[in-house]
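Shown next: upload.txt, containing compact mmCIF, C-alpha atoms and all ligand atoms.
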# COMPACT_ATOMS: atom_id res chain seq x y z
CA MET A 1378 -3.36 114.42 54.26
CA SER A 1379 -1.56 111.32 55.44
CA LEU A 1380 1.46 109.99 53.58
CA LEU A 1381 -0.57 106.95 52.59
CA PHE A 1382 -2.81 109.09 50.40
CA GLU A 1383 -0.08 111.43 49.17
CA ASN A 1384 1.71 108.75 47.19
CA GLY A 1385 -1.22 106.66 46.06
CA PRO A 1386 -0.79 103.47 44.06
CA SER A 1387 1.89 103.50 41.37
CA VAL A 1388 1.25 103.29 37.62
CA LYS A 1389 3.37 100.13 37.66
CA GLN A 1390 0.60 98.43 39.61
CA LYS A 1391 -1.95 98.92 36.85
CA GLN A 1392 -3.01 95.58 35.35
CA LEU A 1393 -5.17 94.57 32.41
CA LEU A 1394 -6.87 91.72 34.28
CA ASN A 1395 -7.43 91.16 38.00
CA GLY A 1396 -5.89 94.53 38.94
CA GLN A 1397 -6.28 95.03 42.68
CA GLN A 1398 -4.10 98.02 43.53
CA VAL A 1399 -5.21 100.71 41.09
CA THR A 1400 -8.91 101.34 40.63
CA VAL A 1401 -10.58 101.31 37.26
CA ASN A 1402 -11.32 105.01 37.82
CA GLN A 1403 -7.68 106.09 37.71
CA LEU A 1404 -6.98 107.03 34.11
CA MET A 1405 -3.73 108.91 34.70
CA PRO A 1406 -0.86 108.33 34.72
CA LEU A 1407 -1.36 106.17 31.64
CA LYS A 1408 0.38 102.82 31.56
CA TYR A 1409 -1.02 101.27 28.36
CA HIS A 1410 -0.31 104.06 25.88
CA TRP A 1411 -1.44 101.83 22.98
CA ALA A 1412 -4.99 101.80 24.42
CA TRP A 1413 -5.08 105.59 24.53
CA GLU A 1414 -3.69 105.81 20.96
CA HIS A 1415 -6.45 103.50 19.70
CA TYR A 1416 -9.01 105.62 21.52
CA LEU A 1417 -7.71 108.82 19.87
CA ASN A 1418 -7.63 107.14 16.44
CA GLY A 1419 -11.20 105.93 16.87
CA CYS A 1420 -12.39 109.43 17.80
CA ALA A 1421 -10.53 110.95 14.84
CA ASN A 1422 -12.52 108.63 12.53
CA HIS A 1423 -15.96 109.70 13.70
CA TRP A 1424 -18.74 109.27 11.11
CA MET A 1425 -22.49 108.74 10.98
CA PRO A 1426 -24.26 106.50 8.41
CA ASN A 1427 -26.85 109.06 7.30
CA GLU A 1428 -24.06 111.38 6.12
CA ILE A 1429 -23.60 109.07 3.13
CA SER A 1430 -25.98 109.52 0.22
CA MET A 1431 -27.82 106.37 -0.82
CA ASN A 1432 -29.50 107.94 -3.88
CA LYS A 1433 -27.44 106.11 -6.50
CA ASP A 1434 -27.88 102.81 -4.68
CA ILE A 1435 -31.65 103.27 -4.51
CA GLU A 1436 -31.71 103.89 -8.26
CA THR A 1437 -29.54 100.83 -8.99
CA TRP A 1438 -31.53 98.58 -6.62
CA ARG A 1439 -34.84 99.53 -8.24
CA SER A 1440 -33.56 99.16 -11.80
CA HIS A 1441 -32.63 95.85 -13.42
CA ALA A 1442 -28.94 96.70 -13.29
CA LEU A 1443 -28.13 93.94 -10.78
CA THR A 1444 -28.36 90.21 -11.40
CA GLU A 1445 -30.12 87.89 -8.94
CA ALA A 1446 -26.71 86.53 -7.89
CA GLU A 1447 -25.49 90.07 -7.13
CA ARG A 1448 -28.60 90.80 -5.08
CA LEU A 1449 -28.06 87.59 -3.12
CA VAL A 1450 -24.50 88.63 -2.20
CA ILE A 1451 -25.73 91.99 -0.92
CA MET A 1452 -28.65 90.53 1.04
CA ARG A 1453 -26.56 87.80 2.69
CA ASN A 1454 -23.96 90.36 3.71
CA LEU A 1455 -26.50 92.73 5.17
CA GLY A 1456 -28.09 89.74 6.95
CA PHE A 1457 -24.82 88.68 8.53
CA PHE A 1458 -23.58 92.13 9.57
CA ALA A 1459 -26.95 93.38 10.83
CA THR A 1460 -26.81 90.91 13.72
CA ALA A 1461 -23.04 90.51 14.06
CA GLU A 1462 -22.65 94.16 15.07
CA SER A 1463 -25.11 93.63 17.94
CA LEU A 1464 -23.35 90.46 19.06
CA VAL A 1465 -20.03 92.32 19.21
CA GLY A 1466 -21.54 95.28 21.06
CA ASN A 1467 -23.30 93.07 23.62
CA ASN A 1468 -20.22 90.94 24.18
CA LEU A 1469 -18.18 94.10 24.83
CA VAL A 1470 -20.59 95.69 27.25
CA LEU A 1471 -21.93 92.61 29.06
CA GLY A 1472 -18.95 90.26 28.81
CA ILE A 1473 -15.60 92.00 28.38
CA PHE A 1474 -15.96 95.43 30.02
CA LYS A 1475 -16.35 94.46 33.67
CA HIS A 1476 -13.35 92.13 33.67
CA ILE A 1477 -10.87 94.60 32.20
CA THR A 1478 -9.45 96.34 35.28
CA ASN A 1479 -7.69 99.20 33.55
CA ALA A 1480 -9.07 102.68 32.92
CA GLU A 1481 -7.38 103.44 29.58
CA CYS A 1482 -8.57 100.12 28.11
CA ARG A 1483 -12.07 100.80 29.40
CA GLN A 1484 -11.94 104.23 27.77
CA TYR A 1485 -11.27 102.50 24.45
CA LEU A 1486 -14.00 99.90 25.07
CA LEU A 1487 -16.53 102.70 25.60
CA ARG A 1488 -15.50 104.25 22.27
CA GLN A 1489 -15.66 100.88 20.52
CA ALA A 1490 -19.10 100.14 21.97
CA PHE A 1491 -20.36 103.41 20.47
CA GLU A 1492 -18.83 102.52 17.10
CA GLU A 1493 -20.62 99.16 17.15
CA ALA A 1494 -23.87 101.09 17.71
CA VAL A 1495 -23.00 103.27 14.69
CA HIS A 1496 -22.42 100.12 12.62
CA SER A 1497 -25.81 98.69 13.64
CA HIS A 1498 -27.26 102.08 12.68
CA ALA A 1499 -25.62 101.73 9.23
CA PHE A 1500 -27.48 98.48 8.56
CA LEU A 1501 -30.80 99.94 9.66
CA TYR A 1502 -30.12 102.94 7.40
CA ILE A 1503 -29.25 100.75 4.38
CA VAL A 1504 -32.33 98.56 4.86
CA GLU A 1505 -34.58 101.62 5.20
CA SER A 1506 -33.01 103.45 2.25
CA LEU A 1507 -33.38 100.52 -0.15
CA GLY A 1508 -36.83 99.60 1.18
CA LEU A 1509 -35.70 96.04 1.98
CA ASP A 1510 -37.73 93.59 4.02
CA GLU A 1511 -36.35 94.39 7.50
CA HIS A 1512 -37.67 91.17 8.96
CA GLU A 1513 -35.89 89.13 6.31
CA VAL A 1514 -32.55 90.91 6.82
CA PHE A 1515 -32.61 91.03 10.61
CA THR A 1516 -33.65 87.36 11.02
CA MET A 1517 -31.08 85.77 8.70
CA TYR A 1518 -29.12 84.72 11.80
CA HIS A 1519 -31.98 82.22 12.24
CA THR A 1520 -33.00 81.46 8.68
CA ILE A 1521 -29.66 81.14 6.83
CA PRO A 1522 -27.73 78.17 8.27
CA THR A 1523 -24.25 79.42 7.32
CA ILE A 1524 -24.94 82.70 9.17
CA ALA A 1525 -26.61 80.90 12.10
CA ARG A 1526 -23.54 78.69 12.54
CA LYS A 1527 -21.12 81.65 12.71
CA ASP A 1528 -23.35 83.43 15.22
CA ALA A 1529 -23.86 80.32 17.37
CA PHE A 1530 -20.08 79.88 17.47
CA GLU A 1531 -19.72 83.42 18.88
CA MET A 1532 -22.73 83.32 21.23
CA LYS A 1533 -21.33 80.26 22.98
CA LEU A 1534 -18.21 82.30 23.81
CA THR A 1535 -20.31 85.15 25.22
CA SER A 1536 -22.50 82.89 27.36
CA ALA A 1537 -19.41 81.45 29.11
CA LEU A 1538 -18.73 84.96 30.47
CA LEU A 1539 -22.34 85.58 31.45
CA ASP A 1540 -22.40 82.70 33.95
CA PRO A 1541 -22.89 84.45 37.33
CA HIS A 1542 -20.07 82.33 38.81
CA PHE A 1543 -17.61 83.28 36.09
CA SER A 1544 -14.38 84.82 37.38
CA THR A 1545 -10.97 85.62 35.88
CA GLN A 1546 -9.26 84.94 39.22
CA THR A 1547 -8.63 81.29 38.37
CA SER A 1548 -6.36 80.31 35.46
CA GLU A 1549 -9.24 78.44 33.89
CA GLY A 1550 -11.46 81.55 34.10
CA ALA A 1551 -8.72 83.82 32.74
CA GLN A 1552 -8.18 81.39 29.82
CA THR A 1553 -11.91 81.40 29.08
CA PHE A 1554 -11.74 85.20 29.03
CA LEU A 1555 -8.73 85.15 26.69
CA GLN A 1556 -10.64 82.71 24.48
CA ASN A 1557 -13.51 85.18 24.32
CA LEU A 1558 -11.10 87.97 23.24
CA ILE A 1559 -9.65 85.73 20.53
CA GLY A 1560 -13.16 84.63 19.50
CA TYR A 1561 -14.37 88.19 19.07
CA TYR A 1562 -11.39 90.35 18.13
CA VAL A 1563 -9.43 87.83 16.08
CA ILE A 1564 -12.20 85.59 14.72
CA MET A 1565 -15.37 87.71 14.52
CA GLU A 1566 -13.88 91.11 13.70
CA GLY A 1567 -10.65 89.76 12.17
CA ILE A 1568 -11.88 86.81 10.06
CA PHE A 1569 -15.71 86.59 9.91
CA PHE A 1570 -16.01 90.18 8.69
CA TYR A 1571 -13.47 89.93 5.90
CA SER A 1572 -15.19 87.96 3.15
CA GLY A 1573 -18.10 90.37 3.52
CA PHE A 1574 -15.73 93.32 3.18
CA ALA A 1575 -14.19 91.78 0.05
CA MET A 1576 -17.59 91.09 -1.54
CA ILE A 1577 -19.11 94.51 -0.92
CA LEU A 1578 -15.95 96.41 -1.79
CA SER A 1579 -15.76 94.52 -5.09
CA PHE A 1580 -19.11 96.12 -5.98
CA HIS A 1581 -17.72 99.48 -4.94
CA ARG A 1582 -14.66 99.19 -7.17
CA ARG A 1583 -16.94 98.44 -10.12
CA ASN A 1584 -18.91 101.55 -9.26
CA LYS A 1585 -22.01 99.60 -8.20
CA MET A 1586 -23.87 100.18 -4.91
CA THR A 1587 -21.29 102.75 -3.89
CA GLY A 1588 -23.36 104.04 -0.93
CA ILE A 1589 -23.23 100.63 0.74
CA GLY A 1590 -19.60 100.38 -0.38
CA GLU A 1591 -18.73 103.64 1.32
CA GLN A 1592 -20.47 102.58 4.55
CA PHE A 1593 -18.40 99.40 4.44
CA GLN A 1594 -15.20 101.40 3.94
CA TYR A 1595 -15.95 103.37 7.10
CA ILE A 1596 -16.83 100.17 8.97
CA LEU A 1597 -13.66 98.48 7.75
CA ARG A 1598 -11.61 101.46 8.92
CA ASP A 1599 -13.19 101.22 12.40
CA GLU A 1600 -12.83 97.44 12.50
CA THR A 1601 -9.14 97.71 11.67
CA ILE A 1602 -8.69 99.66 14.92
CA HIS A 1603 -10.92 97.22 16.87
CA LEU A 1604 -8.74 94.37 15.65
CA ASN A 1605 -5.51 96.23 16.51
CA PHE A 1606 -6.76 97.07 20.00
CA GLY A 1607 -7.87 93.45 20.53
CA ILE A 1608 -4.49 92.09 19.46
CA ASP A 1609 -2.66 94.53 21.76
CA LEU A 1610 -4.98 93.52 24.60
CA ILE A 1611 -4.52 89.77 23.99
CA ASN A 1612 -0.73 90.14 23.72
CA GLY A 1613 -0.74 92.44 26.79
CA ILE A 1614 -2.56 89.83 28.91
CA LYS A 1615 -0.21 87.13 27.60
CA ALA A 1616 2.79 89.25 28.66
CA GLU A 1617 1.36 89.91 32.14
CA LYS A 1618 0.18 86.35 32.70
CA PRO A 1619 2.44 84.07 30.63
CA ALA A 1620 1.27 81.03 32.61
CA LEU A 1621 -2.09 81.23 30.80
CA TRP A 1622 -0.49 80.69 27.38
CA THR A 1623 0.16 76.97 27.79
CA HIS A 1624 0.85 74.57 24.94
CA ASP A 1625 -2.61 73.01 25.39
CA PHE A 1626 -4.31 76.39 25.39
CA GLN A 1627 -2.45 77.40 22.20
CA GLN A 1628 -3.53 74.16 20.51
CA HIS A 1629 -7.08 74.82 21.61
CA MET A 1630 -7.00 78.38 20.16
CA LEU A 1631 -5.53 77.04 16.93
CA ALA A 1632 -8.36 74.50 16.64
CA LEU A 1633 -10.91 77.25 17.35
CA ILE A 1634 -9.48 79.42 14.55
CA GLN A 1635 -9.39 76.45 12.15
CA GLU A 1636 -13.04 75.71 12.92
CA ALA A 1637 -13.89 79.38 12.31
CA VAL A 1638 -12.06 79.36 8.96
CA GLU A 1639 -14.26 76.48 7.74
CA LEU A 1640 -17.42 78.29 8.94
CA GLU A 1641 -16.34 81.40 7.07
CA ILE A 1642 -15.50 79.52 3.87
CA ALA A 1643 -18.94 77.82 3.97
CA TYR A 1644 -20.61 81.21 4.44
CA ALA A 1645 -18.68 82.80 1.55
CA GLN A 1646 -19.54 79.91 -0.76
CA ASP A 1647 -23.18 80.19 0.25
CA CYS A 1648 -23.17 83.89 -0.72
CA LEU A 1649 -21.55 83.21 -4.09
CA PRO A 1650 -22.87 79.90 -5.44
CA GLN A 1651 -22.13 80.91 -9.04
CA GLY A 1652 -19.61 83.68 -8.48
CA VAL A 1653 -20.24 87.34 -9.27
CA LEU A 1654 -18.18 90.37 -10.27
CA GLY A 1655 -15.18 88.21 -11.03
CA LEU A 1656 -15.30 86.71 -7.53
CA GLN A 1657 -15.34 82.94 -7.51
CA ALA A 1658 -16.45 81.03 -4.44
CA SER A 1659 -13.28 78.94 -4.67
CA ALA A 1660 -11.09 82.04 -4.27
CA PHE A 1661 -12.63 82.65 -0.86
CA ARG A 1662 -11.05 79.52 0.57
CA GLN A 1663 -7.65 81.06 -0.21
CA TYR A 1664 -8.72 84.48 0.97
CA VAL A 1665 -10.11 83.37 4.34
CA GLN A 1666 -7.05 81.17 4.92
CA HIS A 1667 -4.72 84.04 3.97
CA VAL A 1668 -6.49 86.39 6.41
CA ALA A 1669 -6.45 83.74 9.17
CA ASP A 1670 -2.68 83.26 8.77
CA ARG A 1671 -2.13 87.02 9.21
CA ARG A 1672 -4.19 86.93 12.44
CA LEU A 1673 -2.37 83.84 13.77
CA GLU A 1674 0.99 85.57 13.27
CA ARG A 1675 -0.11 88.58 15.26
CA ILE A 1676 -1.00 86.60 18.37
CA GLY A 1677 2.11 84.46 18.18
CA LEU A 1678 0.56 81.25 16.82
CA PRO A 1679 2.06 79.35 13.86
CA VAL A 1680 0.64 80.08 10.40
CA GLN A 1681 -1.34 77.14 9.03
CA TYR A 1682 -2.34 77.65 5.45
CA HIS A 1683 0.31 79.55 3.43
CA SER A 1684 -2.38 80.52 0.90
CA PRO A 1685 -1.67 83.35 -1.54
CA HIS A 1686 -3.79 86.50 -1.44
CA PRO A 1687 -6.33 86.07 -4.27
CA PHE A 1688 -7.58 89.67 -4.14
CA PRO A 1689 -4.54 91.97 -4.15
CA TRP A 1690 -6.87 94.93 -4.76
CA MET A 1691 -8.25 94.42 -1.23
CA SER A 1692 -4.90 95.44 0.25
CA GLU A 1693 -4.99 98.57 -1.90
CA THR A 1694 -8.53 99.32 -0.71
CA ILE A 1695 -7.52 98.89 2.91
CA ASP A 1696 -4.49 101.16 2.47
CA LEU A 1697 -6.55 103.68 0.55
CA SER A 1698 -9.20 103.72 3.25
CA LYS A 1699 -6.53 104.94 5.65
CA GLU A 1700 -5.53 107.79 3.38
CA LYS A 1701 -8.83 108.78 1.85
CA ASN A 1702 -10.32 112.04 2.96
CA PHE A 1703 -13.65 110.67 4.09
CA PHE A 1704 -15.03 114.12 4.77
CA GLU A 1705 -15.12 115.01 1.06
CA THR A 1706 -18.14 112.86 0.32
CA ARG A 1707 -20.21 113.79 3.33
CA VAL A 1708 -23.62 115.28 2.76
CA THR A 1709 -24.17 116.96 6.12
CA GLU A 1710 -22.09 119.03 8.47
CA TYR A 1711 -21.50 118.33 12.12
CA GLN A 1712 -23.60 120.40 14.47
CA ALA A 1713 -21.31 120.30 17.47
CA ALA A 1714 -21.14 124.10 17.79
CA SER A 1715 -24.88 124.65 17.59
CA THR A 1716 -25.62 121.87 20.09
CA LEU A 1717 -23.78 123.89 22.72
CA ARG A 1718 -26.65 126.39 22.85
CA TRP A 1719 -28.86 125.94 25.89
CA ASP A 1720 -31.92 127.90 24.71
FE FE B 1801 -18.58 96.84 14.05
FE FE B 1802 -15.95 96.03 15.72

Would you put the structure from the file into structure tokens?
Amino acid sequence: MSLLFENGPSVKQKQLLNGQQVTVNQLMPLKYHWAWEHYLNGCANHWMPNEISMNKDIETWRSHALTEAERLVIMRNLGFFATAESLVGNNLVLGIFKHITNAECRQYLLRQAFEEAVHSHAFLYIVESLGLDEHEVFTMYHTIPTIARKDAFEMKLTSALLDPHFSTQTSEGAQTFLQNLIGYYVIMEGIFFYSGFAMILSFHRRNKMTGIGEQFQYILRDETIHLNFGIDLINGIKAEKPALWTHDFQQHMLALIQEAVELEIAYAQDCLPQGVLGLQASAFRQYVQHVADRRLERIGLPVQYHSPHPFPWMSETIDLSKEKNFFETRVTEYQAASTLRWD
């Protein structure tokens, strides 16, 4: 073998974007250890929706135990998430994946894409279990304006990457790509998901619709890792290509996040016109702003709102979801060993 092939490209030449020297097939040696850690954490959290019993929820849904306002909250949340999970999955696979030129990040993206499929599966499973009108739930991204506006906001960011002439080789292209990462990881998974999490988990803590609540706990646990990976990726690209992070671009990202905050507040108020379970629509303005400030901090943008956290129990739920032994409540066992049989 010639010396040229003996040494091969160095790990130092790995790059997140526009990597030329090291192919996307070279996983080791690892350079971005954070990407591998997120991958391992995602795998350690494996779950499937049909492992969670929906019997109690079916009973509650059929009885008169829920008010119309409570039913509206649940339906609007299912309607938003049912499509949002697909948008995230498609953006990952069709938009983000091909432009990330690093093997360990791609390994994580493959894991995340599977998790988004599991989340879509969860919404199908909930709709089937409760006998809901599947057409109604899965078309709310057209029929409910506050959902349609959030989705249109995201779809515009995906279509910019789907242009056949799109490339990250120019600074403008690389900024558009970074905008997509901020639009999906920070805004969609980091802000747009959170009022829904708060609403559904407030049912769960009052011991109502606990099957849906448990599915949301698993989803929230996965989404926490998606968000952390996305923030590491965004900050990693900023560190490798500081010229992209101009003052104008930062102002533009700030305006995008502020626009998203208003879309999310409008959606939350639409779900809770009269308030339910002690949740008032007005509290969601504070909550969404509080969450947005936490996201801004993590990508190095100035906090905007300084709103207090109106639902301190949400922090407890998030911390608990890290500690909870999720396997205790499962109704089926994994079949990994038996699937190895070839007969
Ligand atoms: Fe998801
Ligand atoms: Fe996600």

request  = Kindly compile the residues surrounding ligand FE 1802 (chain B) within 8 Å, counting only C-alpha atoms and all ligand atoms, and format them as a ChimeraX atom specification.
outcome  = /A:1462,1465-1466,1489,1492-1493,1562,1566,1596,1599-1600,1603-1604

Name the residues, by chain letter and number, that sit within 12 Å of ligand FE 1801 (chain B) using only C-alpha atoms and all ligand atoms, and give them as a PDB file with C-alpha atoms, in the coordinates of the input.
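For reference, selection_15.pdb as written:
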ATOM      1  CA  PHE A1457     -24.820  88.680   8.530  1.00  0.00           C
ATOM      2  CA  PHE A1458     -23.580  92.130   9.570  1.00  0.00           C
ATOM      3  CA  ALA A1459     -26.950  93.380  10.830  1.00  0.00           C
ATOM      4  CA  THR A1460     -26.810  90.910  13.720  1.00  0.00           C
ATOM      5  CA  ALA A1461     -23.040  90.510  14.060  1.00  0.00           C
ATOM      6  CA  GLU A1462     -22.650  94.160  15.070  1.00  0.00           C
ATOM      7  CA  SER A1463     -25.110  93.630  17.940  1.00  0.00           C
ATOM      8  CA  LEU A1464     -23.350  90.460  19.060  1.00  0.00           C
ATOM      9  CA  VAL A1465     -20.030  92.320  19.210  1.00  0.00           C
ATOM     10  CA  GLY A1466     -21.540  95.280  21.060  1.00  0.00           C
ATOM     11  CA  ASN A1467     -23.300  93.070  23.620  1.00  0.00           C
ATOM     12  CA  ASN A1468     -20.220  90.940  24.180  1.00  0.00           C
ATOM     13  CA  LEU A1469     -18.180  94.100  24.830  1.00  0.00           C
ATOM     14  CA  ARG A1488     -15.500 104.250  22.270  1.00  0.00           C
ATOM     15  CA  GLN A1489     -15.660 100.880  20.520  1.00  0.00           C
ATOM     16  CA  ALA A1490     -19.100 100.140  21.970  1.00  0.00           C
ATOM     17  CA  PHE A1491     -20.360 103.410  20.470  1.00  0.00           C
ATOM     18  CA  GLU A1492     -18.830 102.520  17.100  1.00  0.00           C
ATOM     19  CA  GLU A1493     -20.620  99.160  17.150  1.00  0.00           C
ATOM     20  CA  ALA A1494     -23.870 101.090  17.710  1.00  0.00           C
ATOM     21  CA  VAL A1495     -23.000 103.270  14.690  1.00  0.00           C
ATOM     22  CA  HIS A1496     -22.420 100.120  12.620  1.00  0.00           C
ATOM     23  CA  SER A1497     -25.810  98.690  13.640  1.00  0.00           C
ATOM     24  CA  HIS A1498     -27.260 102.080  12.680  1.00  0.00           C
ATOM     25  CA  ALA A1499     -25.620 101.730   9.230  1.00  0.00           C
ATOM     26  CA  PHE A1500     -27.480  98.480   8.560  1.00  0.00           C
ATOM     27  CA  TYR A1561     -14.370  88.190  19.070  1.00  0.00           C
ATOM     28  CA  TYR A1562     -11.390  90.350  18.130  1.00  0.00           C
ATOM     29  CA  MET A1565     -15.370  87.710  14.520  1.00  0.00           C
ATOM     30  CA  GLU A1566     -13.880  91.110  13.700  1.00  0.00           C
ATOM     31  CA  GLY A1567     -10.650  89.760  12.170  1.00  0.00           C
ATOM     32  CA  PHE A1569     -15.710  86.590   9.910  1.00  0.00           C
ATOM     33  CA  PHE A1570     -16.010  90.180   8.690  1.00  0.00           C
ATOM     34  CA  TYR A1571     -13.470  89.930   5.900  1.00  0.00           C
ATOM     35  CA  PHE A1574     -15.730  93.320   3.180  1.00  0.00           C
ATOM     36  CA  GLN A1592     -20.470 102.580   4.550  1.00  0.00           C
ATOM     37  CA  PHE A1593     -18.400  99.400   4.440  1.00  0.00           C
ATOM     38  CA  GLN A1594     -15.200 101.400   3.940  1.00  0.00           C
ATOM     39  CA  TYR A1595     -15.950 103.370   7.100  1.00  0.00           C
ATOM     40  CA  ILE A1596     -16.830 100.170   8.970  1.00  0.00           C
ATOM     41  CA  LEU A1597     -13.660  98.480   7.750  1.00  0.00           C
ATOM     42  CA  ARG A1598     -11.610 101.460   8.920  1.00  0.00           C
ATOM     43  CA  ASP A1599     -13.190 101.220  12.400  1.00  0.00           C
ATOM     44  CA  GLU A1600     -12.830  97.440  12.500  1.00  0.00           C
ATOM     45  CA  THR A1601      -9.140  97.710  11.670  1.00  0.00           C
ATOM     46  CA  ILE A1602      -8.690  99.660  14.920  1.00  0.00           C
ATOM     47  CA  HIS A1603     -10.920  97.220  16.870  1.00  0.00           C
ATOM     48  CA  LEU A1604      -8.740  94.370  15.650  1.00  0.00           C
TER      49      LEU A1604
END

request  = Go ahead and compute the interatomic distance for atom CA of A:Lys1615 and atom CA of A:His1410, in Å to one decimal.
outcome  =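 Separation of atom CA of A:Lys1615 and atom CA of A:His1410: 17.0 Å.
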
Is it possible to get the axis-aligned box enclosing stretch 1448-1461 of chain A (all listed atoms, 4 Å extra per side) as JSON, with centre and edge lengths in Å rounded to one decimal?
{"center_x": -25.8, "center_y": 90.5, "center_z": 4.5, "size_x": 13.6, "size_y": 13.8, "size_z": 27.1}

remark   = Closest of A:Ala1446, A:Leu1621, A:Met1691, A:Ile1503 to A:Ala1551, counting all atoms listed in the file, is A:Leu1621
